[in-house]
Amino acid sequence: MQVISFDFGTKKIGVAVGQTETKTSSPLQIVFSKNNSVNWDEIESIVNEWKPNLILVGKPLNMDGSDSDMMEKVDIFYKKLEKISKIPCEYVDERLTSFEARESLTEIKKDLIDAHAAKILIDQWFNNNE
């Protein structure tokens, strides 16, 4: 099964892809906001190109498990993504994914932090759904 994940941010969204048969994932790209809003044309293009069976979206939680301030924006993104793609979507706890991505990347690849955080979302989903 093909999986795609989005690590939502107001300025940029990290995107990664994964395959359940091989349990592999890769950072794909960063989608930059357009005029201070989500670049839906690019998001739709990615979904149409990869044709995932499942879409994962990082759920921004505080360390105590409560919703973060960003959750409202992520929820809007999630609902619109679900509506336009007509593909099942799931939230994945994204606590510490950006931190983990920063820690694992060399200085040269720092511009890929958001895409790598999206990759970590897929890896966490794999671990939780074995």
# chains A, B, ... in the order shown; residues from 1 in each chain; ligands from 1

call {"tool": "residues_around", "arguments": {"residues": "Thr20 (chain A)", "least_positions_apart": "5", "cutoff": "8 Å", "atoms": "only C-alpha atoms", "output": "compact mmCIF listing (two decimals) with C-alpha atoms, in the first residue's frame"}}
result
# COMPACT_ATOMS: atom_id res chain seq x y z
CA MET A 1 0.00 0.00 0.00
CA GLN A 2 1.26 3.45 -0.91
CA VAL A 3 1.29 6.03 1.92
CA PHE A 126 4.62 1.68 10.49

call {"tool": "closest_atom_pairs", "arguments": {"of": "region 30-50 of chain A", "to": "region 71-91 of chain A", "cutoff": "9 Å", "atoms": "only C-alpha atoms", "output": "JSON lines"}}
result
{"residue": "A:Val38", "atom": "CA", "partner": "A:Phe77", "partner_atom": "CA", "distance": 8.2}
{"residue": "A:Trp40", "atom": "CA", "partner": "A:Leu81", "partner_atom": "CA", "distance": 8.8}
{"residue": "A:Ile43", "atom": "CA", "partner": "A:Leu81", "partner_atom": "CA", "distance": 8.5}
{"residue": "A:Glu44", "atom": "CA", "partner": "A:Ser85", "partner_atom": "CA", "distance": 7.4}
{"residue": "A:Val47", "atom": "CA", "partner": "A:Ser85", "partner_atom": "CA", "distance": 7.2}
{"residue": "A:Asn48", "atom": "CA", "partner": "A:Ser85", "partner_atom": "CA", "distance": 8.4}

call {"tool": "write_last_selection", "arguments": {"atoms": "N, CA and C atoms", "output": "CSV table (one decimal), in the first residue's frame"}}
result
chain,number,residue,atom,x,y,z
A,38,VAL,N,-2.2,27.7,1.9
A,38,VAL,CA,-1.7,26.4,1.4
A,38,VAL,C,-1.8,26.4,-0.1
A,40,TRP,N,-2.7,24.5,-2.6
A,40,TRP,CA,-3.5,23.3,-2.9
A,40,TRP,C,-3.2,22.7,-4.2
A,43,ILE,N,-0.3,20.5,-3.7
A,43,ILE,CA,-0.8,19.3,-2.9
A,43,ILE,C,-1.5,18.3,-3.7
A,44,GLU,N,-2.5,18.8,-4.5
A,44,GLU,CA,-3.3,18.0,-5.3
A,44,GLU,C,-2.4,17.3,-6.4
A,47,VAL,N,-0.6,14.4,-4.7
A,47,VAL,CA,-1.6,13.3,-4.4
A,47,VAL,C,-1.9,12.5,-5.7
A,48,ASN,N,-2.2,13.3,-6.8
A,48,ASN,CA,-2.5,12.7,-8.0
A,48,ASN,C,-1.4,11.9,-8.6

call {"tool": "select_by_dssp", "arguments": {"residues": "region 10-121 of chain A", "states": "strand (DSSP E)", "output": "PyMOL selection string"}}
result
chain A and resi 12-19+24-32+54-59+89-93

call {"tool": "residues_around", "arguments": {"residues": "region 56-64 of chain A", "least_positions_apart": "3", "cutoff": "7 Å", "atoms": "only C-alpha atoms", "output": "list in words"}}
result
Ile4, Ser5, Phe6, Asp7, Phe8, Asp67, Ser68, Met70, Met71, Tyr78, Cys89, Glu90, Tyr91, Val92, Asp93, Glu94, Arg95 and Leu121 of chain A

call {"tool": "residues_around", "arguments": {"residues": "Lys11 (chain A)", "least_positions_apart": "5", "cutoff": "9 Å", "atoms": "only C-alpha atoms", "output": "list in words"}}
result
Val31, Phe32, Ser33, Lys34, Asn36, Ser37 and Val38 of chain A

call {"tool": "write_last_selection", "arguments": {"atoms": "C-alpha atoms", "output": "short mmCIF file (atom, residue, chain, number, x, y, z; two decimals), in the first residue's frame"}}
result
data_model
loop_
_atom_site.label_atom_id
_atom_site.label_comp_id
_atom_site.auth_asym_id
_atom_site.auth_seq_id
_atom_site.Cartn_x
_atom_site.Cartn_y
_atom_site.Cartn_z
CA VAL A 31 5.47 22.57 -0.43
CA PHE A 32 5.80 26.30 0.18
CA SER A 33 2.79 28.46 1.01
CA LYS A 34 1.50 30.69 -1.73
CA ASN A 36 0.12 33.07 2.94
CA SER A 37 -2.14 30.10 2.21
CA VAL A 38 -1.73 26.40 1.42
#

call {"tool": "select_by_dssp", "arguments": {"residues": "chain A", "states": "helix (DSSP H, G or I)", "output": "VMD selection string"}}
result
chain A and resid 40 to 50 71 to 85 97 to 104 107 to 128

call {"tool": "closest_residue", "arguments": {"among": "A:Asn35, A:Ser66, A:Gln19, A:Asn127", "to": "Trp50 (chain A)", "atoms": "only C-alpha atoms"}}
result
A:Gln19

call {"tool": "atom_distance", "arguments": {"atom1": "CA of Glu42 (chain A)", "atom2": "CA of Asp123 (chain A)"}}
result
23.6 Å
